[in-house]
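Quick look at target16.cif (mmCIF, C-alpha atoms and all ligand atoms):
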data_input
#
loop_
_atom_site.label_atom_id
_atom_site.label_comp_id
_atom_site.auth_asym_id
_atom_site.auth_seq_id
_atom_site.Cartn_x
_atom_site.Cartn_y
_atom_site.Cartn_z
CA MET A 21 19.96 -6.99 4.47
CA ARG A 22 23.12 -4.90 3.94
CA ALA A 23 23.34 -3.94 0.25
CA ALA A 24 26.30 -5.34 -1.65
CA THR A 25 26.20 -2.25 -3.88
CA PRO A 26 25.08 0.87 -1.99
CA GLN A 27 23.15 3.25 -4.24
CA SER A 28 22.11 6.85 -4.29
CA VAL A 29 18.33 6.64 -3.99
CA VAL A 30 15.59 9.24 -4.41
CA LEU A 31 12.48 8.18 -2.49
CA LEU A 32 8.99 9.52 -3.13
CA GLY A 33 6.19 9.08 -0.59
CA ALA A 34 8.52 8.86 2.43
CA THR A 35 5.88 10.41 4.72
CA GLY A 36 3.45 7.54 4.06
CA THR A 37 3.18 4.27 5.94
CA ALA A 38 5.07 2.13 3.46
CA GLY A 39 7.38 4.94 2.34
CA ARG A 40 8.57 5.66 5.87
CA ALA A 41 9.36 1.97 6.41
CA ALA A 42 11.15 1.86 3.04
CA ALA A 43 13.23 4.92 3.98
CA ILE A 44 14.40 3.27 7.20
CA ALA A 45 15.16 -0.04 5.48
CA LEU A 46 17.04 1.64 2.63
CA LYS A 47 19.13 3.64 5.09
CA GLU A 48 19.84 0.52 7.17
CA ALA A 49 20.91 -1.31 4.01
CA GLY A 50 23.59 1.33 3.48
CA HIS A 51 22.01 3.35 0.66
CA THR A 52 22.21 7.14 0.57
CA VAL A 53 18.57 8.29 0.65
CA LEU A 54 17.01 11.58 -0.43
CA ALA A 55 13.29 11.92 0.36
CA TYR A 56 11.52 14.23 -2.07
CA GLY A 57 8.03 15.59 -1.36
CA ARG A 58 5.89 18.27 0.19
CA ARG A 59 6.66 17.27 3.81
CA ASP A 60 9.84 16.26 5.61
CA PRO A 61 9.52 12.67 6.92
CA GLY A 62 11.98 13.63 9.68
CA ILE A 63 13.94 10.38 9.62
CA GLY A 64 17.50 10.61 10.96
CA GLY A 65 20.05 9.88 8.25
CA VAL A 66 17.55 10.52 5.41
CA ALA A 67 18.03 13.84 3.59
CA PHE A 68 14.97 15.82 2.51
CA HIS A 69 14.28 18.03 -0.51
CA SER A 70 11.02 19.96 -0.50
CA GLY A 71 9.10 20.12 -3.78
CA GLU A 72 5.82 19.54 -5.59
CA ILE A 73 5.78 16.22 -7.43
CA ALA A 74 3.56 17.70 -10.12
CA ASP A 75 6.43 20.04 -11.10
CA PRO A 76 9.07 18.06 -13.06
CA ALA A 77 11.86 20.69 -13.14
CA PRO A 78 12.79 20.78 -9.42
CA LEU A 79 12.40 17.00 -9.15
CA THR A 80 14.76 16.47 -12.07
CA GLN A 81 17.22 18.94 -10.55
CA ALA A 82 17.05 17.19 -7.16
CA MET A 83 17.77 13.82 -8.81
CA ARG A 84 20.68 15.34 -10.70
CA ASP A 85 22.12 17.00 -7.56
CA HIS A 86 21.74 13.73 -5.63
CA ARG A 87 23.33 11.78 -8.53
CA ALA A 88 20.44 9.33 -8.19
CA THR A 89 21.18 5.84 -9.48
CA ALA A 90 17.79 4.50 -8.37
CA VAL A 91 14.31 5.77 -7.61
CA VAL A 92 11.81 4.23 -5.19
CA SER A 93 8.20 5.39 -5.40
CA CYS A 94 5.82 4.77 -2.52
CA LEU A 95 3.54 7.54 -3.74
CA ALA A 96 -0.16 6.86 -3.39
CA SER A 97 -3.35 8.82 -3.63
CA ARG A 98 -4.42 9.54 -0.07
CA THR A 99 -8.11 9.30 -0.99
CA GLY A 100 -8.37 6.80 -3.85
CA VAL A 101 -10.97 8.98 -5.60
CA PRO A 102 -10.56 8.91 -9.40
CA SER A 103 -9.10 12.41 -10.02
CA ASP A 104 -6.51 12.07 -7.24
CA ALA A 105 -5.68 8.47 -8.20
CA TRP A 106 -4.89 9.43 -11.79
CA ALA A 107 -2.98 12.54 -10.63
CA ILE A 108 -0.77 10.65 -8.15
CA ASP A 109 -0.72 6.91 -8.90
CA HIS A 110 -0.33 7.54 -12.62
CA ARG A 111 0.77 11.07 -13.64
CA ALA A 112 3.05 11.82 -10.68
CA ASN A 113 4.76 8.45 -11.09
CA SER A 114 5.15 9.12 -14.84
CA ALA A 115 6.84 12.42 -13.99
CA VAL A 116 9.17 10.61 -11.58
CA LEU A 117 10.03 8.05 -14.28
CA ALA A 118 10.72 10.82 -16.82
CA ALA A 119 13.02 12.57 -14.32
CA ALA A 120 14.82 9.27 -13.64
CA GLN A 121 15.34 8.69 -17.36
CA ALA A 122 16.50 12.28 -17.93
CA THR A 123 19.11 12.08 -15.18
CA GLY A 124 20.49 8.62 -15.93
CA ALA A 125 19.05 6.68 -12.98
CA ARG A 126 19.09 3.01 -13.94
CA GLN A 127 16.54 1.44 -11.64
CA MET A 128 13.06 2.06 -10.24
CA VAL A 129 11.13 0.24 -7.53
CA LEU A 130 7.40 0.89 -7.50
CA LEU A 131 5.07 0.20 -4.62
CA SER A 132 1.79 -1.02 -6.13
CA ALA A 133 -0.88 -3.27 -4.60
CA ILE A 134 -1.92 -6.91 -5.02
CA CYS A 135 -5.50 -5.86 -5.77
CA VAL A 136 -4.47 -4.46 -9.18
CA GLN A 137 -4.41 -8.06 -10.45
CA LYS A 138 -8.23 -7.76 -10.66
CA PRO A 139 -8.65 -4.08 -11.48
CA ARG A 140 -12.13 -2.62 -11.10
CA LEU A 141 -11.48 0.66 -9.27
CA ALA A 142 -10.08 3.93 -10.60
CA PHE A 143 -6.94 3.81 -8.46
CA GLN A 144 -6.26 0.25 -9.60
CA HIS A 145 -6.54 1.24 -13.27
CA ALA A 146 -4.25 4.23 -12.61
CA LYS A 147 -1.66 1.99 -10.94
CA ARG A 148 -1.85 -0.57 -13.76
CA ALA A 149 -1.39 2.16 -16.38
CA PHE A 150 1.82 3.27 -14.70
CA GLU A 151 3.03 -0.31 -14.18
CA GLU A 152 2.80 -0.77 -17.98
CA GLU A 153 4.85 2.42 -18.56
CA LEU A 154 7.52 1.32 -16.14
CA MET A 155 7.79 -2.16 -17.65
CA THR A 156 8.54 -0.72 -21.08
CA SER A 157 10.76 2.15 -19.85
CA GLY A 158 14.11 0.40 -20.27
CA LEU A 159 14.92 0.88 -16.57
CA THR A 160 15.52 -2.12 -14.34
CA TYR A 161 12.24 -2.31 -12.44
CA SER A 162 10.58 -4.07 -9.53
CA ILE A 163 6.83 -3.72 -9.10
CA VAL A 164 5.96 -4.63 -5.51
CA ARG A 165 2.34 -5.68 -5.05
CA PRO A 166 1.80 -6.21 -1.32
CA THR A 167 -1.19 -7.76 0.39
CA ALA A 168 -2.95 -5.96 3.26
CA PHE A 169 -1.03 -3.72 5.67
CA PHE A 170 -1.44 -4.19 9.42
CA LYS A 171 -2.95 -0.69 9.80
CA SER A 172 -5.79 -1.61 7.44
CA LEU A 173 -6.68 -4.63 9.55
CA ALA A 174 -6.55 -3.00 12.97
CA GLY A 175 -9.48 -0.59 12.78
CA GLN A 176 -11.66 -2.75 15.03
CA VAL A 177 -9.22 -3.36 17.89
CA LYS A 178 -10.57 -0.37 19.82
CA ARG A 179 -14.19 -1.45 19.21
CA VAL A 180 -13.53 -4.86 20.71
CA GLN A 181 -11.64 -3.35 23.66
CA LEU A 182 -14.71 -1.19 24.33
CA GLY A 183 -16.92 -4.29 24.38
CA LYS A 184 -18.57 -3.53 21.01
CA PRO A 185 -19.35 -6.21 18.40
CA TYR A 186 -16.86 -7.03 15.65
CA LEU A 187 -18.28 -6.13 12.24
CA LEU A 188 -18.15 -8.80 9.55
CA PHE A 189 -19.32 -8.98 5.97
CA GLY A 190 -21.33 -12.17 5.52
CA ASP A 191 -19.90 -14.89 7.74
CA GLY A 192 -16.47 -13.20 7.80
CA ARG A 193 -14.89 -15.95 5.73
CA LEU A 194 -15.55 -14.49 2.28
CA THR A 195 -12.05 -13.07 2.04
CA ALA A 196 -8.55 -13.67 3.40
CA CYS A 197 -5.08 -12.18 3.27
CA LYS A 198 -1.52 -12.71 4.45
CA PRO A 199 -0.92 -9.41 6.27
CA ILE A 200 2.49 -7.77 5.92
CA SER A 201 4.02 -5.38 8.46
CA ASP A 202 5.44 -2.00 7.50
CA ARG A 203 8.89 -3.12 8.61
CA ASP A 204 8.85 -6.31 6.52
CA LEU A 205 7.49 -4.46 3.50
CA GLY A 206 10.16 -1.76 3.86
CA ARG A 207 12.87 -4.41 3.89
CA TYR A 208 11.39 -6.18 0.88
CA ILE A 209 11.30 -2.90 -1.08
CA SER A 210 14.91 -2.22 -0.12
CA ASN A 211 15.95 -5.75 -1.15
CA CYS A 212 14.55 -5.05 -4.62
CA LEU A 213 17.46 -2.72 -5.34
CA ASP A 214 20.12 -5.31 -4.68
CA ASP A 215 18.64 -8.73 -5.41
CA PRO A 216 18.72 -9.65 -9.13
CA ALA A 217 16.00 -12.26 -8.51
CA LEU A 218 13.62 -9.33 -7.83
CA HIS A 219 14.56 -7.37 -10.98
CA ASN A 220 12.23 -6.84 -13.95
CA ARG A 221 9.42 -8.61 -12.17
CA THR A 222 5.96 -7.97 -10.81
CA LEU A 223 6.09 -9.19 -7.23
CA PRO A 224 2.95 -10.09 -5.28
CA ILE A 225 4.05 -10.34 -1.65
CA GLY A 226 2.48 -11.14 1.70
CA GLY A 227 3.74 -11.52 5.23
CA PRO A 228 4.27 -14.88 6.94
CA GLY A 229 1.22 -17.14 6.63
CA PRO A 230 -1.21 -18.64 7.19
CA ALA A 231 -3.84 -16.59 5.38
CA LEU A 232 -6.30 -15.00 7.81
CA SER A 233 -9.98 -14.20 7.31
CA PRO A 234 -11.78 -11.33 9.07
CA ARG A 235 -13.46 -13.97 11.25
CA ASP A 236 -10.02 -15.28 12.34
CA MET A 237 -9.03 -11.71 13.24
CA GLY A 238 -12.21 -11.15 15.25
CA ASP A 239 -11.84 -14.48 17.07
CA TYR A 240 -8.28 -13.57 18.03
CA LEU A 241 -9.24 -10.10 19.28
CA PHE A 242 -11.92 -11.50 21.64
CA GLU A 243 -9.45 -14.08 22.94
CA ALA A 244 -6.69 -11.48 23.44
CA THR A 245 -8.91 -8.88 25.14
CA GLY A 246 -10.88 -11.42 27.20
CA LYS A 247 -14.13 -9.78 26.03
CA PRO A 248 -17.13 -12.04 25.30
CA PRO A 249 -17.29 -12.72 21.51
CA LYS A 250 -19.94 -10.65 19.72
CA PHE A 251 -20.16 -10.40 15.95
CA ARG A 252 -22.43 -8.21 13.85
CA HIS A 253 -22.95 -9.56 10.35
CA VAL A 254 -23.35 -6.92 7.64
CA PRO A 255 -24.90 -8.30 4.43
CA LEU A 256 -22.62 -7.72 1.45
CA GLY A 257 -25.70 -6.75 -0.57
CA LEU A 258 -26.12 -3.69 1.64
CA VAL A 259 -22.75 -2.27 0.57
CA SER A 260 -23.37 -3.00 -3.13
CA GLY A 261 -26.87 -1.54 -2.81
CA ILE A 262 -25.51 1.73 -1.39
CA GLY A 263 -22.83 1.79 -4.10
CA GLY A 264 -25.44 1.25 -6.82
CA VAL A 265 -27.67 4.08 -5.59
CA LEU A 266 -24.70 6.46 -5.26
CA SER A 267 -23.47 5.51 -8.76
CA GLY A 268 -26.83 6.46 -10.23
CA LEU A 269 -26.94 9.77 -8.37
CA GLY A 270 -23.26 10.35 -9.23
CA ARG A 271 -24.25 10.96 -12.84
CA ILE A 272 -25.84 14.23 -11.73
CA SER A 273 -23.58 15.18 -8.81
CA PRO A 274 -19.74 14.97 -8.82
CA LYS A 275 -19.79 14.87 -4.99
CA LEU A 276 -21.99 11.77 -5.02
CA ALA A 277 -19.84 10.25 -7.78
CA THR A 278 -16.88 10.50 -5.38
CA LYS A 279 -18.93 8.87 -2.61
CA ALA A 280 -19.97 6.11 -5.07
CA GLU A 281 -16.29 5.36 -5.81
CA LEU A 282 -15.54 5.16 -2.08
CA ALA A 283 -18.51 2.77 -1.67
CA ARG A 284 -17.11 0.67 -4.54
CA ILE A 285 -13.72 0.58 -2.78
CA GLY A 286 -15.46 -0.67 0.40
CA GLN A 287 -17.38 -3.27 -1.57
CA TYR A 288 -14.22 -4.45 -3.32
CA TYR A 289 -12.34 -5.08 -0.07
CA ALA A 290 -15.39 -6.72 1.48
CA SER A 291 -15.60 -9.27 -1.32
CA GLU A 292 -12.09 -9.77 -2.75
CA SER A 293 -9.17 -11.49 -1.02
CA MET A 294 -5.73 -9.90 -0.90
CA LEU A 295 -4.11 -13.11 -2.16
CA LEU A 296 -2.69 -14.28 -5.47
CA TRP A 297 -5.43 -14.69 -8.08
CA ASP A 298 -5.26 -17.91 -10.08
CA GLU A 299 -6.61 -16.91 -13.49
CA ALA A 300 -6.88 -20.49 -14.79
CA ARG A 301 -8.84 -21.74 -11.77
CA GLN A 302 -10.67 -18.41 -11.24
CA CYS A 303 -9.95 -18.39 -7.52
CA TYR A 304 -7.56 -16.94 -4.94
CA ASP A 305 -4.68 -19.19 -3.96
CA ALA A 306 -3.36 -18.68 -0.42
CA ASP A 307 -0.62 -21.29 -0.78
CA ALA A 308 0.73 -19.71 -3.96
CA THR A 309 0.84 -16.21 -2.43
CA PRO A 310 4.53 -15.50 -1.73
CA GLU A 311 5.52 -14.74 1.87
CA PHE A 312 8.23 -12.53 3.31
CA GLY A 313 9.33 -11.42 6.75
CA GLU A 314 8.71 -12.30 10.36
CA ASP A 315 6.14 -9.93 11.84
CA ARG A 316 2.69 -11.32 12.60
CA LEU A 317 -0.59 -9.45 12.74
CA PHE A 318 -1.64 -11.01 16.04
CA ASP A 319 1.57 -9.83 17.75
CA TYR A 320 0.73 -6.35 16.48
CA TYR A 321 -2.79 -6.69 17.92
CA ASP A 322 -1.21 -7.64 21.28
CA ALA A 323 1.00 -4.55 21.10
CA LEU A 324 -2.02 -2.31 20.36
CA ILE A 325 -4.05 -3.86 23.19
CA SER A 326 -1.23 -3.40 25.70
CA GLY A 327 -0.50 0.15 24.49
CA ARG A 328 2.99 -0.74 23.24
CA ALA A 329 1.92 0.34 19.72
CA VAL A 330 -0.38 3.09 18.51
CA LEU A 331 -2.50 2.73 15.37
CA GLU A 332 -1.81 5.32 12.70
CA ARG A 333 -4.39 4.44 10.12
CA GLY A 334 -4.19 7.21 7.54
CA ASP A 335 -6.77 7.20 4.78
CA HIS A 336 -6.45 3.68 3.43
CA ALA A 337 -8.14 2.04 6.39
CA VAL A 338 -10.68 -0.60 5.44
CA PHE A 339 -13.05 0.08 8.35
N1 LIG B 401 -3.33 -0.18 3.07
C1 LIG B 401 -3.16 -1.41 2.62
O1 LIG B 401 -3.55 -2.41 3.23
C2 LIG B 401 -2.44 -1.61 1.31
C3 LIG B 401 -2.23 -2.91 0.87
C4 LIG B 401 -1.53 -3.12 -0.31
C5 LIG B 401 -1.06 -2.05 -1.04
N2 LIG B 401 -1.30 -0.80 -0.60
C6 LIG B 401 -0.80 0.29 -1.44
O2 LIG B 401 0.36 0.84 -0.84
C7 LIG B 401 0.50 2.17 -1.30
C8 LIG B 401 1.01 3.07 -0.18
O3 LIG B 401 0.10 3.04 0.89
P1 LIG B 401 0.42 3.85 2.20
O4 LIG B 401 -0.59 3.42 3.18
O5 LIG B 401 1.86 3.80 2.54
O6 LIG B 401 0.05 5.35 1.68
P2 LIG B 401 -0.03 6.66 2.54
O7 LIG B 401 0.36 6.40 3.97
O8 LIG B 401 -1.37 7.27 2.28
O9 LIG B 401 1.13 7.59 1.89
C9 LIG B 401 0.98 8.19 0.63
C10 LIG B 401 2.26 8.93 0.28
O10 LIG B 401 2.06 9.58 -0.98
C11 LIG B 401 2.29 10.99 -0.83
N3 LIG B 401 1.36 11.80 -1.61
C12 LIG B 401 0.04 11.58 -1.81
N4 LIG B 401 -0.49 12.59 -2.51
C13 LIG B 401 0.52 13.47 -2.75
C14 LIG B 401 0.60 14.72 -3.43
N5 LIG B 401 -0.47 15.29 -4.02
N6 LIG B 401 1.80 15.35 -3.48
C15 LIG B 401 2.89 14.80 -2.86
N7 LIG B 401 2.88 13.62 -2.21
C16 LIG B 401 1.70 12.97 -2.15
C17 LIG B 401 2.02 11.27 0.63
O11 LIG B 401 2.66 12.47 0.99
P3 LIG B 401 1.99 13.50 2.05
O12 LIG B 401 2.40 12.98 3.41
O13 LIG B 401 2.60 14.81 1.71
O14 LIG B 401 0.50 13.44 1.85
C18 LIG B 401 2.60 10.03 1.30
O15 LIG B 401 3.99 10.14 1.43
C19 LIG B 401 -0.83 2.55 -1.90
O16 LIG B 401 -0.64 2.55 -3.29
C20 LIG B 401 -1.76 1.44 -1.55
O17 LIG B 401 -2.70 1.18 -2.58
C21 LIG B 401 -1.95 -0.54 0.56
#
Let's see the structure in the file written out as structure tokens.
Ligand SMILES: NC(=O)c1ccc[n+]([C@@H]2O[C@H](COP(=O)([O-])OP(=O)(O)OC[C@H]3O[C@@H](n4cnc5c(N)ncnc54)[C@H](OP(=O)(O)O)[C@@H]3O)[C@@H](O)[C@H]2O)c1
Amino acid sequence: MRAATPQSVVLLGATGTAGRAAAIALKEAGHTVLAYGRRDPGIGGVAFHSGEIADPAPLTQAMRDHRATAVVSCLASRTGVPSDAWAIDHRANSAVLAAAQATGARQMVLLSAICVQKPRLAFQHAKRAFEEELMTSGLTYSIVRPTAFFKSLAGQVKRVQLGKPYLLFGDGRLTACKPISDRDLGRYISNCLDDPALHNRTLPIGGPGPALSPRDMGDYLFEATGKPPKFRHVPLGLVSGIGGVLSGLGRISPKLATKAELARIGQYYASESMLLWDEARQCYDADATPEFGEDRLFDYYDALISGRAVLERGDHAVF
């Protein structure tokens, strides 16, 4: 969507999956984009300023020089371990907000995650803490809480192509999500700047439905590759058991405490859906989960299988 009012935008996290897509969408919408971070995203038409996000002075200066009217943060801890989550998802975003306020930027779009609606993990608490700060900051805000990204649901394509079994927790129907592509998410983030209906709101958002379970994804992969269907069922209790043991040992070893948090992250995604949580009914509601965009996960699977797309999973991969 071409922006009615082009803005001068400072973008954080432009080297990440969602951030890169947001940079492209913002540029295509006609905004002037400055990516700020420790690495150049190398996107044509997007300027880059190198700097540490932990250091507020150069960030503030960059926003001033760019005459930023809006800030978009797609920053995210690359590991999800507690110390990094609080440093990036909370403190770095707070520093960005302070710089925005100091330089007169009026608007901030924050990439969060749908799973923070039921926060149990350190990175979810860190994200929630910053969401609260942003909501009371006085800036016009949009808090984008997407469902699962394609990259996080594509880790088993190669396994199936190699004739290996598809791994499932339980019967593979414990959870579901409405996957959203990078491109659609980037466009949605960009729309947040211009569309008043997306202002001062927390926005859970999925891709086009229907909701898919891991079993649906496995079934499709066997059909698309022509391999004979083989599933290996991993009991959910096994993951929680490992997490429990590591938690106990984590009290005496920081290294094991980190592993315990990673096990808890695995357990969370194995047992919780990436759909809107209905607090009153105490269940996930696929129909009520908002949808946006056109790209479908199974088309992406086809592209991976045929070699037209390459999976860049990063560190947030579920498997
Ligand atoms: N994966 C999913 O299915 C999913 C679903 C819903 C929501 N989300 C949420 O979406 C968000 C973004 O995910 P993503 O996959 O796009 O993340 P990502 O690819 O890991 O990108 C993270 C970005 O943050 C930057 N960053 C991290 N630590 C930094 C540091 N110390 N200093 C400077 N920059 C730093 C990275 O820069 P560098 O390149 O310099 O490291 C990168 O640009 C996360 O909050 C995640 O929880 C993910």
Within 7 Å of ligand LIG 401 (chain B), counting only C-alpha atoms and all ligand atoms, which protein or nucleic acid residues do you find, written as a VMD selection string? chain A and resid 32 to 39 57 to 59 72 to 73 94 to 98 108 131 to 134 165 to 172 334 to 337
Using Å and a single decimal, report how far atom CA of Leu31 of chain A sits from atom CA of Tyr56 of chain A.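 Calculated distance between atom CA of Tyr56 of chain A and atom CA of Leu31 of chain A is 6.1 Å.
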Using only C-alpha atoms, collect all residues at a distance of at most 10 Å from (-10.9, -12.5, -8.3) as written in the file, then present them as a VMD selection string. chain A and resid 135 137 to 139 291 to 299 302 to 304
Go ahead and save the residues from that selection, with C-alpha atoms, as a compact mmCIF listing (two decimals), keeping the file's coordinate frame.
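Contents of the output file part-v3.txt:
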# COMPACT_ATOMS: atom_id res chain seq x y z
CA CYS A 135 -5.50 -5.86 -5.77
CA GLN A 137 -4.41 -8.06 -10.45
CA LYS A 138 -8.23 -7.76 -10.66
CA PRO A 139 -8.65 -4.08 -11.48
CA SER A 291 -15.60 -9.27 -1.32
CA GLU A 292 -12.09 -9.77 -2.75
CA SER A 293 -9.17 -11.49 -1.02
CA MET A 294 -5.73 -9.90 -0.90
CA LEU A 295 -4.11 -13.11 -2.16
CA LEU A 296 -2.69 -14.28 -5.47
CA TRP A 297 -5.43 -14.69 -8.08
CA ASP A 298 -5.26 -17.91 -10.08
CA GLU A 299 -6.61 -16.91 -13.49
CA GLN A 302 -10.67 -18.41 -11.24
CA CYS A 303 -9.95 -18.39 -7.52
CA TYR A 304 -7.56 -16.94 -4.94
Got a sec: who's within 6 Å of segment 238-252 of chain A, counting all atoms listed in the file, leaving out chain neighbours fewer than 3 positions off, as a list in words? Pro185, Tyr186, Leu187 and Arg235 of chain A
Within-12 Å shell of (14.7, 7.6, -17.0) in input frame, all atoms listed in the file, as a VMD selection string: chain A and resid 80 83 to 84 88 to 91 113 to 128 153 to 161
Could you add whatever atoms are missing so that segment 192-205 of chain A carries N, CA and C atoms, then write the result as a CSV table (one decimal), keeping the file's coordinate frame?
chain,number,residue,atom,x,y,z
A,192,GLY,N,-17.8,-13.6,7.5
A,192,GLY,CA,-16.5,-13.2,7.8
A,192,GLY,C,-15.4,-14.1,7.2
A,193,ARG,N,-15.9,-15.0,6.3
A,193,ARG,CA,-14.9,-16.0,5.7
A,193,ARG,C,-14.9,-15.8,4.2
A,194,LEU,N,-15.5,-14.7,3.7
A,194,LEU,CA,-15.6,-14.5,2.3
A,194,LEU,C,-14.2,-14.1,1.7
A,195,THR,N,-13.3,-13.5,2.5
A,195,THR,CA,-12.0,-13.1,2.0
A,195,THR,C,-10.9,-13.5,3.0
A,196,ALA,N,-9.7,-13.4,2.5
A,196,ALA,CA,-8.6,-13.7,3.4
A,196,ALA,C,-7.3,-12.9,2.9
A,197,CYS,N,-6.3,-12.8,3.7
A,197,CYS,CA,-5.1,-12.2,3.3
A,197,CYS,C,-3.9,-12.7,4.1
A,198,LYS,N,-2.7,-12.4,3.6
A,198,LYS,CA,-1.5,-12.7,4.4
A,198,LYS,C,-0.9,-11.3,4.8
A,199,PRO,N,-1.3,-10.8,6.0
A,199,PRO,CA,-0.9,-9.4,6.3
A,199,PRO,C,0.6,-9.2,6.3
A,200,ILE,N,1.0,-8.1,5.9
A,200,ILE,CA,2.5,-7.8,5.9
A,200,ILE,C,2.7,-6.5,6.7
A,201,SER,N,3.7,-6.5,7.6
A,201,SER,CA,4.0,-5.4,8.5
A,201,SER,C,4.8,-4.3,7.7
A,202,ASP,N,4.7,-3.1,8.2
A,202,ASP,CA,5.4,-2.0,7.5
A,202,ASP,C,6.9,-2.3,7.4
A,203,ARG,N,7.4,-2.8,8.6
A,203,ARG,CA,8.9,-3.1,8.6
A,203,ARG,C,9.3,-4.2,7.6
A,204,ASP,N,8.5,-5.3,7.5
A,204,ASP,CA,8.8,-6.3,6.5
A,204,ASP,C,8.7,-5.8,5.1
A,205,LEU,N,7.7,-5.0,4.8
A,205,LEU,CA,7.5,-4.5,3.5
A,205,LEU,C,8.6,-3.5,3.1
